[in-house]
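S.K.: Coordinates in work14.cif, mmCIF, C-alpha atoms, are listed below.
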data_my_file
#
loop_
_atom_site.label_atom_id
_atom_site.label_comp_id
_atom_site.auth_asym_id
_atom_site.auth_seq_id
_atom_site.Cartn_x
_atom_site.Cartn_y
_atom_site.Cartn_z
CA MET T 3 -123.82 -31.79 176.04
CA ARG T 4 -120.65 -31.38 174.03
CA TYR T 5 -121.41 -27.69 173.69
CA ILE T 6 -121.97 -27.28 177.42
CA ILE T 7 -118.70 -29.04 178.26
CA SER T 8 -116.78 -27.03 175.67
CA ALA T 9 -118.28 -23.81 176.94
CA ALA T 10 -117.42 -24.74 180.50
CA LEU T 11 -113.83 -25.53 179.54
CA ALA T 12 -113.55 -22.27 177.63
CA SER T 13 -114.92 -20.38 180.61
CA THR T 14 -112.41 -22.09 182.90
CA ALA T 15 -109.56 -21.25 180.54
CA LEU T 16 -110.60 -17.61 180.41
CA CYS T 17 -110.78 -17.39 184.19
CA ALA T 18 -107.46 -19.19 184.82
CA PRO T 19 -104.49 -16.93 185.51
CA ALA T 20 -102.06 -16.58 182.62
CA LEU T 21 -98.92 -18.62 183.08
CA ALA T 22 -95.65 -16.66 183.04
CA GLU T 23 -93.36 -17.49 180.16
CA VAL T 24 -89.62 -17.91 180.24
CA PRO T 25 -88.33 -14.46 179.22
CA ARG T 26 -86.54 -13.92 175.94
CA VAL T 27 -83.07 -12.81 177.03
CA VAL T 28 -80.47 -10.96 174.97
CA THR T 29 -76.84 -10.63 176.10
CA ASP T 30 -73.91 -8.57 174.87
CA MET T 31 -70.91 -10.93 174.69
CA THR T 32 -69.54 -14.38 175.47
CA PRO T 33 -68.91 -14.11 179.25
CA THR T 34 -72.37 -12.63 179.82
CA TYR T 35 -73.98 -15.22 177.56
CA GLY T 36 -72.29 -18.00 179.51
CA LEU T 37 -73.58 -16.73 182.84
CA VAL T 38 -77.14 -16.27 181.59
CA ALA T 39 -77.21 -19.61 179.76
CA THR T 40 -76.03 -21.29 182.96
CA VAL T 41 -78.88 -19.79 184.97
CA MET T 42 -81.53 -20.51 182.33
CA GLY T 43 -80.39 -24.09 181.87
CA ASP T 44 -82.94 -26.20 180.02
CA LEU T 45 -85.63 -23.55 180.34
CA GLY T 46 -84.37 -21.46 177.46
CA GLN T 47 -81.41 -20.10 175.57
CA PRO T 48 -80.28 -16.46 175.51
CA GLU T 49 -79.07 -14.64 172.43
CA ARG T 50 -75.57 -13.18 172.08
CA LEU T 51 -75.37 -9.92 170.14
CA LEU T 52 -71.61 -9.73 169.68
CA ASP T 53 -70.66 -11.79 166.65
CA GLN T 54 -67.77 -14.21 166.92
CA GLY T 55 -64.61 -12.27 166.09
CA ALA T 56 -66.21 -8.84 166.60
CA ASN T 57 -64.85 -6.05 168.81
CA ALA T 58 -66.63 -5.82 172.15
CA HIS T 59 -66.02 -2.08 172.40
CA ASP T 60 -67.10 -1.06 168.91
CA PHE T 61 -69.84 -3.01 167.18
CA GLN T 62 -72.64 -2.27 164.74
CA LEU T 63 -75.94 -4.06 165.26
CA ARG T 64 -77.63 -5.72 162.32
CA PRO T 65 -81.35 -4.97 161.81
CA SER T 66 -82.22 -8.48 163.00
CA GLN T 67 -80.29 -7.89 166.22
CA ALA T 68 -82.00 -4.56 166.80
CA ALA T 69 -85.30 -6.38 166.37
CA ALA T 70 -84.20 -8.98 168.94
CA LEU T 71 -83.51 -6.18 171.41
CA SER T 72 -86.94 -4.75 170.78
CA ASP T 73 -88.58 -8.12 171.48
CA ALA T 74 -86.45 -9.02 174.49
CA GLY T 75 -88.00 -9.32 177.91
CA LEU T 76 -84.57 -8.87 179.49
CA VAL T 77 -81.23 -7.56 178.29
CA VAL T 78 -78.21 -8.59 180.37
CA TRP T 79 -75.00 -6.71 179.61
CA MET T 80 -71.90 -5.25 181.26
CA GLY T 81 -72.91 -1.63 180.83
CA PRO T 82 -72.18 1.43 178.69
CA GLN T 83 -68.59 1.67 179.90
CA MET T 84 -67.86 -1.55 178.05
CA SER T 85 -70.35 -1.43 175.18
CA PRO T 86 -71.43 2.14 174.31
CA TRP T 87 -72.90 0.84 171.05
CA LEU T 88 -75.46 -1.16 173.01
CA ASP T 89 -76.33 1.81 175.21
CA ARG T 90 -77.32 3.75 172.11
CA ALA T 91 -79.32 0.82 170.76
CA LEU T 92 -81.18 0.32 174.02
CA ASP T 93 -82.17 3.97 174.10
CA GLY T 94 -83.74 3.48 170.69
CA VAL T 95 -85.47 0.11 170.66
CA ALA T 96 -85.47 -1.78 173.96
CA ASN T 97 -88.90 -2.36 175.51
CA GLY T 98 -88.07 -4.83 178.24
CA GLN T 99 -85.95 -4.74 181.37
CA GLN T 100 -82.18 -4.66 181.53
CA LEU T 101 -79.58 -5.82 184.01
CA ARG T 102 -76.26 -4.00 183.95
CA LEU T 103 -73.77 -6.30 185.59
CA LEU T 104 -71.27 -3.57 186.46
CA GLU T 105 -74.01 -1.97 188.58
CA VAL T 106 -74.89 -5.09 190.57
CA ALA T 107 -74.42 -4.53 194.30
CA GLY T 108 -71.26 -6.14 195.66
CA THR T 109 -69.41 -6.10 192.34
CA HIS T 110 -65.69 -5.48 192.77
CA LEU T 111 -64.73 -2.50 190.62
CA GLN T 112 -61.32 -0.91 190.28
CA PRO T 113 -59.67 1.85 188.25
CA PHE T 114 -57.56 1.21 185.18
CA GLY T 115 -53.94 0.27 185.83
CA GLU T 116 -54.34 -1.93 188.90
CA GLY T 117 -52.25 -5.05 188.49
CA HIS T 118 -49.49 -3.13 186.69
CA GLU T 119 -45.98 -2.84 188.09
CA ASP T 120 -46.30 0.91 188.57
CA HIS T 121 -49.41 0.57 190.74
CA ASP T 122 -49.00 -0.54 194.34
CA HIS T 123 -52.02 -2.81 194.72
CA ASP T 124 -52.06 -6.40 195.89
CA HIS T 125 -55.30 -8.35 195.69
CA GLY T 126 -53.65 -11.73 195.24
CA ALA T 127 -55.21 -14.99 194.17
CA GLY T 128 -58.35 -15.66 196.11
CA ALA T 129 -57.91 -12.51 198.18
CA GLY T 130 -61.05 -10.75 199.31
CA HIS T 131 -61.86 -7.66 197.31
CA GLU T 132 -63.31 -4.46 198.56
CA SER T 133 -66.74 -4.03 197.02
CA HIS T 134 -67.56 -0.61 195.70
CA ASP T 135 -70.84 1.15 195.05
CA PRO T 136 -71.24 0.59 191.32
CA ALA T 137 -73.40 3.67 190.90
CA ALA T 138 -70.75 5.84 192.52
CA GLU T 139 -67.88 4.24 190.62
CA THR T 140 -69.50 4.38 187.22
CA GLY T 141 -71.46 7.56 187.57
CA HIS T 142 -74.80 5.73 187.24
CA ASP T 143 -77.81 5.87 189.47
CA ASP T 144 -79.67 2.60 189.70
CA ALA T 145 -82.82 4.42 190.67
CA ASP T 146 -83.38 6.27 187.42
CA HIS T 147 -80.64 5.07 185.03
CA ASP T 148 -80.08 8.58 183.78
CA HIS T 149 -77.32 8.25 181.20
CA ALA T 150 -77.58 11.61 179.57
CA GLY T 151 -74.38 12.39 177.76
CA GLU T 152 -73.08 8.83 177.98
CA ALA T 153 -74.29 7.47 174.69
CA GLY T 154 -71.39 7.00 172.34
CA HIS T 155 -68.88 7.42 175.14
CA ASP T 156 -66.24 4.76 175.69
CA ASP T 157 -64.09 5.13 178.79
CA HIS T 158 -61.17 3.77 176.79
CA ASP T 159 -61.19 6.91 174.66
CA ASP T 160 -60.45 9.03 177.73
CA HIS T 161 -57.04 7.47 178.31
CA ASP T 162 -53.84 9.13 177.40
CA ALA T 163 -52.41 7.47 174.29
CA HIS T 164 -49.14 6.85 176.10
CA GLY T 165 -50.87 4.70 178.70
CA HIS T 166 -49.79 6.66 181.78
CA ASP T 167 -52.91 8.66 182.61
CA HIS T 168 -55.60 6.04 183.02
CA SER T 169 -58.72 7.28 184.73
CA GLY T 170 -62.17 5.94 185.44
CA THR T 171 -63.49 2.51 186.24
CA ASP T 172 -62.05 -0.45 184.36
CA PRO T 173 -65.10 -2.22 182.84
CA HIS T 174 -63.37 -5.60 182.31
CA ALA T 175 -64.70 -6.73 185.69
CA TRP T 176 -65.78 -10.19 184.49
CA LEU T 177 -62.10 -11.19 184.61
CA ASP T 178 -62.42 -11.43 188.39
CA PRO T 179 -64.28 -14.71 189.01
CA ALA T 180 -65.65 -13.39 192.30
CA ASN T 181 -67.75 -11.00 190.24
CA GLY T 182 -69.02 -13.82 188.04
CA ALA T 183 -70.34 -15.63 191.11
CA ILE T 184 -72.14 -12.50 192.31
CA TRP T 185 -73.65 -11.92 188.88
CA LEU T 186 -75.08 -15.44 188.69
CA GLU T 187 -77.22 -14.68 191.73
CA ALA T 188 -78.30 -11.33 190.29
CA ILE T 189 -79.29 -12.94 186.98
CA ALA T 190 -81.25 -15.64 188.80
CA ALA T 191 -83.09 -13.03 190.86
CA GLN T 192 -83.94 -10.95 187.79
CA LEU T 193 -85.24 -13.98 185.88
CA ALA T 194 -87.21 -15.15 188.91
CA ALA T 195 -88.92 -11.76 189.12
CA LEU T 196 -90.00 -12.09 185.50
CA ASP T 197 -90.79 -15.82 185.71
CA PRO T 198 -91.60 -16.68 189.35
CA GLU T 199 -92.82 -20.20 188.53
CA ASN T 200 -89.26 -21.19 187.63
CA ALA T 201 -87.55 -19.26 190.43
CA ALA T 202 -86.31 -22.40 192.17
CA THR T 203 -84.77 -23.70 188.95
CA TYR T 204 -82.98 -20.42 188.30
CA ALA T 205 -81.61 -20.40 191.85
CA ALA T 206 -80.45 -24.02 191.63
CA ASN T 207 -78.75 -23.40 188.29
CA ALA T 208 -77.01 -20.33 189.68
CA ALA T 209 -75.73 -22.36 192.63
CA LYS T 210 -74.31 -24.99 190.26
CA GLY T 211 -72.75 -22.22 188.19
CA LYS T 212 -71.04 -20.80 191.26
CA GLU T 213 -69.58 -24.22 191.98
CA ALA T 214 -68.25 -24.41 188.42
CA ILE T 215 -66.66 -20.97 188.73
CA ALA T 216 -65.07 -21.91 192.06
CA ALA T 217 -63.62 -25.08 190.54
CA ALA T 218 -62.25 -23.18 187.54
CA ASP T 219 -60.84 -20.52 189.86
CA ALA T 220 -58.96 -23.15 191.86
CA ARG T 221 -57.54 -24.75 188.71
CA ILE T 222 -56.40 -21.40 187.35
CA ALA T 223 -54.84 -20.34 190.65
CA ALA T 224 -52.80 -23.56 190.74
CA GLN T 225 -51.83 -23.19 187.09
CA LEU T 226 -50.61 -19.61 187.46
CA ALA T 227 -49.04 -19.78 190.92
CA PRO T 228 -45.59 -20.79 189.56
CA VAL T 229 -45.44 -17.80 187.18
CA GLN T 230 -46.58 -14.95 189.43
CA ASP T 231 -43.10 -13.43 189.51
CA LYS T 232 -42.70 -13.33 185.72
CA PRO T 233 -43.62 -9.89 184.29
CA ILE T 234 -45.66 -9.76 181.11
CA VAL T 235 -46.62 -7.17 178.51
CA VAL T 236 -50.15 -7.20 177.04
CA PHE T 237 -51.80 -5.50 174.10
CA HIS T 238 -54.12 -3.16 176.01
CA ASP T 239 -55.06 -2.31 179.56
CA ALA T 240 -57.74 -4.93 180.06
CA TYR T 241 -56.25 -7.46 182.48
CA GLY T 242 -56.10 -5.65 185.81
CA TYR T 243 -58.81 -7.73 187.46
CA PHE T 244 -57.32 -11.00 186.27
CA ALA T 245 -53.79 -10.03 187.27
CA GLY T 246 -54.93 -8.76 190.65
CA HIS T 247 -56.94 -11.85 191.45
CA TYR T 248 -54.21 -14.31 190.47
CA GLY T 249 -51.19 -12.31 191.60
CA LEU T 250 -49.70 -11.74 188.14
CA THR T 251 -47.38 -8.87 187.25
CA ILE T 252 -48.15 -6.75 184.20
CA ALA T 253 -45.09 -4.74 183.19
CA GLY T 254 -47.07 -2.65 180.72
CA SER T 255 -49.46 -2.56 177.81
CA VAL T 256 -48.94 -1.44 174.23
CA SER T 257 -52.16 0.58 174.15
CA ALA T 258 -53.97 2.28 176.99
CA GLY T 259 -57.31 1.52 175.39
CA ASP T 260 -58.74 -0.78 172.80
CA ALA T 261 -58.61 1.93 170.14
CA ALA T 262 -55.81 4.12 171.51
CA ALA T 263 -52.69 4.37 169.33
CA PRO T 264 -49.48 4.10 171.37
CA GLY T 265 -47.09 7.03 171.21
CA ALA T 266 -43.41 6.77 170.28
CA ALA T 267 -42.23 7.68 173.78
CA HIS T 268 -44.43 5.04 175.35
CA LEU T 269 -43.18 2.37 172.95
CA ALA T 270 -39.57 3.30 173.67
CA GLU T 271 -40.21 2.99 177.40
CA LEU T 272 -41.98 -0.32 176.87
CA ARG T 273 -39.06 -1.71 174.85
CA ALA T 274 -36.75 -0.74 177.71
CA ARG T 275 -38.97 -2.58 180.19
CA VAL T 276 -39.07 -5.66 178.00
CA GLY T 277 -35.30 -5.61 177.70
CA ALA T 278 -35.04 -5.39 181.49
CA GLY T 279 -36.61 -8.79 182.02
CA VAL T 280 -40.17 -9.18 180.75
CA ALA T 281 -40.89 -12.90 180.39
CA CYS T 282 -43.49 -12.83 177.63
CA LEU T 283 -45.42 -10.43 175.40
CA PHE T 284 -48.98 -11.22 174.39
CA PRO T 285 -50.96 -9.97 171.40
CA GLU T 286 -54.74 -9.94 171.57
CA ALA T 287 -57.43 -11.65 169.54
CA GLY T 288 -58.96 -9.35 166.97
CA HIS T 289 -55.97 -7.00 166.84
CA ALA T 290 -52.94 -7.01 164.57
CA PRO T 291 -49.91 -8.41 166.46
CA LYS T 292 -47.38 -6.29 164.53
CA THR T 293 -46.35 -3.96 167.38
CA ILE T 294 -46.02 -6.82 169.86
CA GLU T 295 -43.95 -8.75 167.32
CA GLN T 296 -41.66 -5.80 166.71
CA ILE T 297 -41.03 -5.18 170.41
CA ALA T 298 -40.44 -8.85 171.12
CA GLU T 299 -38.03 -9.20 168.22
CA ALA T 300 -36.10 -6.04 169.11
CA ALA T 301 -35.71 -7.13 172.73
CA GLY T 302 -35.16 -10.80 172.03
CA ALA T 303 -38.17 -11.62 174.19
CA ARG T 304 -40.65 -14.46 173.91
CA GLN T 305 -44.06 -13.84 172.33
CA GLY T 306 -47.04 -15.80 173.55
CA GLY T 307 -50.35 -16.63 171.90
CA ALA T 308 -53.16 -14.14 171.47
CA LEU T 309 -55.14 -13.44 174.63
CA ASP T 310 -58.93 -13.31 174.31
CA PRO T 311 -60.33 -11.40 177.30
CA ALA T 312 -63.85 -11.02 175.87
CA GLY T 313 -64.13 -14.47 174.31
CA VAL T 314 -64.52 -13.07 170.79
CA THR T 315 -63.06 -16.24 169.27
CA LEU T 316 -65.35 -18.56 171.23
CA PRO T 317 -68.77 -19.85 170.25
CA ALA T 318 -71.74 -18.98 172.43
CA SER T 319 -72.04 -21.67 175.10
CA ALA T 320 -73.13 -22.16 178.70
CA ASP T 321 -69.50 -22.58 179.78
CA GLY T 322 -68.47 -19.39 177.98
CA TYR T 323 -67.64 -17.54 181.20
CA THR T 324 -65.22 -20.08 182.61
CA ALA T 325 -63.89 -20.78 179.10
CA VAL T 326 -62.73 -17.15 178.84
CA LEU T 327 -60.91 -17.31 182.19
CA GLU T 328 -59.33 -20.69 181.55
CA GLY T 329 -58.35 -19.68 178.03
CA LEU T 330 -56.43 -16.71 179.38
CA ALA T 331 -54.72 -18.87 181.98
CA SER T 332 -53.66 -21.51 179.47
CA THR T 333 -52.30 -18.97 177.00
CA LEU T 334 -50.33 -17.21 179.72
CA ALA T 335 -49.00 -20.43 181.24
CA ASP T 336 -47.97 -21.88 177.87
CA CYS T 337 -45.56 -19.02 177.29
CA LEU T 338 -44.47 -18.35 180.86
CA THR T 339 -43.60 -21.98 181.60
CA ALA T 340 -41.86 -22.68 178.27
CA PRO T 341 -38.18 -23.65 178.69
#
Represent the structure contained in this file as structure tokens.
M.R.:
Amino acid sequence: MRYIISAALASTALCAPALAEVPRVVTDMTPTYGLVATVMGDLGQPERLLDQGANAHDFQLRPSQAAALSDAGLVVWMGPQMSPWLDRALDGVANGQQLRLLEVAGTHLQPFGEGHEDHDHDHGAGAGHESHDPAAETGHDDADHDHAGEAGHDDHDDHDAHGHDHSGTDPHAWLDPANGAIWLEAIAAQLAALDPENAATYAANAAKGKEAIAAADARIAAQLAPVQDKPIVVFHDAYGYFAGHYGLTIAGSVSAGDAAAPGAAHLAELRARVGAGVACLFPEAGHAPKTIEQIAEAAGARQGGALDPAGVTLPASADGYTAVLEGLASTLADCLTAP
């Protein structure tokens, strides 16, 4: 009798449909990790590739991280414009699906330089943004993801070293919280497609995440409203979305791109702008502050703390996305509201 029961149970188990598992998810950096961890909630924990303190634009994967990509059921990342190193790695080892956030429908994308004094654009805090076709803006086709010729290409390298001839889409789109809210829904939908049994949980977690982003957005808008008319200088051209959304004025940046060396003429012009009334200059986490320090000292201007637009100094956590935005706001406000 025991044998008959055991055989029957085994037969039932063989005939039962296989239960879907929570996908193993790999992300590129802190803001992405935060969004994915929020959607997954208690069901699982994603992996962040970018080490704490590493450069989001230029990173070398360890063998263990390459193996994680190979085993991943889903890779969620900004896209090759932000992380060309990951594009190359995915071409070589990735077996699962990927979600490129910059290509999600409805994402607000803009060219480099918006939010700077010499660009006449006004999105304003909480203002509605025009959504662009990500495939058209970035040169990608969602249908076939043909990225021939893109591997190893970083849009930042295309910028003139003097910072006046910026072209192409600015990939720092996570600094607009409206995009973060859109991406939560896209992440939930992608996870639900891979794990339909937990679809309702993913959707509920995404909804809670959107509420958290909205609350952080309101706090930041109130915090920065008093300093909108105070021009700032930043390390590199990465803050256009943030400045546009919250109505800040960027008088200039030291470098056009993350790896672009500023020219002498550009630095002379920047010193003149600082002397004409820039409120604060801000170095950036992961980059030597020497040039910012020199300009601030020469002009007698105030230097603020290091901005961290990619969250490279933060640990991986579910609140990583809002922590990046609120960290920027606090650093800016600390300097701009100082007596």
S.K.: For the contact check between range 204-280 of chain T and range 108-113 of chain T, emit one row per residue of range 204-280 of chain T within 12 Å, containing the shortest atom pair and the distance in Å rounded to one decimal, counting all atoms listed in the file, chain then rising number order, as a Markdown table.
M.R.:
| residue | atom | partner | partner_atom | distance |
| --- | --- | --- | --- | --- |
| T:Asp239 | CA | T:Pro113 | CA | 10.7 |
| T:Ala240 | CA | T:Pro113 | CA | 10.8 |
| T:Tyr241 | CA | T:Gln112 | CA | 11.4 |
| T:Gly242 | CA | T:Gln112 | CA | 8.3 |
| T:Tyr243 | CA | T:Gln112 | CA | 7.8 |
| T:Phe244 | CA | T:Gln112 | CA | 11.6 |
| T:Gly246 | CA | T:Gln112 | CA | 10.1 |
| T:His247 | CA | T:His110 | CA | 10.9 |
S.K.: Using all atoms listed in the file, pick whichever of T:Gly94, T:Pro285, T:Gly322, T:Pro173 has the shortest atom-to-atom distance to Ala298 in chain T.
M.R.: T:Pro285
S.K.: As an exercise, work out the distance from CA of Ala340 in chain T to CA of Phe284 in chain T in Å and give it to one decimal place.
M.R.: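 Interatomic distance here is 14.0 Å.
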S.K.: Evaluate the PyMOL selection byres ((chain T and resi 283) around 7) here and jot the selected residues down as a ChimeraX atom specification.
M.R.: /T:234-236,282,284-285,294,298,304-306
S.K.: Quick one: apply the PyMOL selection byres ((chain T and resi 26-28) around 12) to the file and drop the selected residues here as a ChimeraX atom specification.
M.R.: /T:22-25,29-32,34-39,41-42,45-52,67-79,88,92,96-101,189,192-193,196-197
S.K.: Given the file above and the PyMOL selection byres ((chain T and resi 185) around 10), which residues are selected, and can you give them as number ranges by chain?
M.R.: T: 34, 37-38, 101-109, 176, 179-184, 186-191, 208, 212
S.K.: Please report the interatomic distance between CA of His174 in chain T and CA of Met84 in chain T in Å with one decimal.
M.R.: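 So the answer is 7.4 Å.
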S.K.: Just to confirm, what's the straight-line distance from CA of Ala325 in chain T to CA of Ser66 in chain T in Å (one decimal)?
M.R.: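 That distance, rounded to one decimal, is 27.3 Å.
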S.K.: Measuring atom to atom with all atoms listed in the file, identify which of T:Ala202, T:Ala303, T:Val229, T:Leu316 is nearest to Thr339 in chain T.
M.R.: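 For Thr339 in chain T, the nearest of the given residues is T:Val229.
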S.K.: Select, from T:Ala206, T:Leu338, T:Ala201, T:Ala281, the residue with the minimum atom-to-atom distance to Gln225 in chain T, counting all atoms listed in the file.
M.R.: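 Ranking T:Ala206, T:Leu338, T:Ala201, T:Ala281 by distance to Gln225 in chain T, first place goes to T:Leu338.
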S.K.: I'd like the neighbourhood of Leu250 in chain T as a list in words, where a residue qualifies if any of its atoms comes within 6 Å (using only C-alpha atoms), though same-chain residues fewer than 2 positions away should be ignored.
M.R.: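 So, after excluding close chain neighbours, the residues are Gln230, Ala245 and Tyr248 of chain T.
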S.K.: Calculated over all atoms listed in the file, which of the candidates T:Ala312, T:Leu63, T:Val276, T:Leu226 has the smallest distance to Arg90 in chain T?
M.R.: T:Leu63
